[in-house]
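Colleague: So that we are looking at the same thing, I have put the structure below in structure tokens.
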Amino acid sequence: MDKNNFGTTKALTVYQVLQSERINLSKANLKLAKNLYSKFNKRIVKSSKIVQNTFTYNNICRAFQNYEELYSLISNYTNSRLKLPLYQNLSNPNFLLIAHVSLKSKATGGIDDIPITNVTLASLISLGRELQKKQYKPKPTKCIFIPKANGKMRTLGIASSRDKIVQQVIKVVLEPLFDRAFLDSSHGFRRNRSCHSVLKAMYYKWRGVK
């Protein structure tokens, strides 16, 4: 390893430790924040000052912290008049980045034919501004036909890359709010639940294990 690169890496590590000490974040999300920043670090350094000042390690950590705080508020949510900071997080570029990396990179492109991997950091900032100013308008979905088991075809609507990111960040922000309203016996389309969790629950119920 080049000595200069080693010095830069060491300085970056020290900086990250110092920054992370100011943020109250769980170990799991702190690890996710570090991995996310490391993944985009080279792109951030080569980008404009606006991008560098937006996607700092500190800001990415704070985005994860905001999510933890939002989840905590939702867990104790009993007053229907309580205003939750949903839209502020939804329009946060760092939240959009978290949503962006959680999408499948090889997913079919929408009407814009822009793959998820080609979405730039600058475009995430622009998208966040549109959402903040309530100027965002989704594009029409791309309609394709896929074969069914019976030989017929069915239509499938594919959103543009920007719309996919917005849809995903809405899911990230609203999922904890709706998830707490579901019964414990509900397993469909829920985080950390699947067909396997249903079978496991049925098995333990059949065995009389609580």
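Labels used: A, B, ... for chains in the order of the structure tokens, numbers from 1 for residues in each chain, and numbers from 1 for ligands as shown.
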Do you know which residues are at most 12 Å from Ser197 (chain A) counting only C-alpha atoms, after dropping those on the same chain fewer than 5 positions away, and could you put them as an MDAnalysis selection string?
Modeller: chainID A and resid 184:192 202:204
Colleague: Just asking: which residues within region 72-201 of chain A are strand (DSSP E or B) according to DSSP, as a PyMOL selection string?
Modeller: chain A and resi 142-147+153-158
Colleague: Would you please give, as a PyMOL selection string, all residues of chain A that DSSP assigns to alpha helix (DSSP H) based on the backbone?
Modeller: chain A and resi 3-20+27-46+49-54+57-75+86-90+93-101+121-132+161-179+195-206
Colleague: Which residue, A:Arg62, A:Lys42, A:Lys171, A:Lys164, has the smallest gap to Val119 (chain A) when you use only C-alpha atoms?
Modeller: A:Lys164
Colleague: Kindly assemble as a tab-separated table a list of the region 81-172 of chain A residues that lie within 12 Å of region 24-39 of chain A, each paired with its nearest atom pair and their distance in Å to one decimal, using only C-alpha atoms, sorted first by chain and then by ascending residue number.
Modeller:
residue	atom	partner	partner_atom	distance
A:Asn94	CA	A:Leu36	CA	10.2
A:Phe95	CA	A:Ala33	CA	11.2
A:Leu97	CA	A:Leu36	CA	8.8
A:Ile98	CA	A:Leu36	CA	7.9
A:Ala99	CA	A:Leu36	CA	11.2
A:His100	CA	A:Leu36	CA	10.8
A:Val101	CA	A:Leu36	CA	8.3
A:Ser102	CA	A:Leu36	CA	10.6
Colleague: Neighbours of Lys137 (chain A) within 12 Å (only C-alpha atoms; same-chain residues fewer than 2 positions away dropped), as an NGL selection string?
Modeller: :A and (127 or 130-131 or 133-135 or 139-140 or 160 or 162-163 or 166)
Colleague: Could you check the closest approach to Ser126 (chain A) for each of A:Thr141, A:Ser91, A:Asn59, A:Ser194 and tell me which residue wins, using only C-alpha atoms?
Modeller: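 Residue with the minimum atom-to-atom distance to Ser126 (chain A): A:Ser91.
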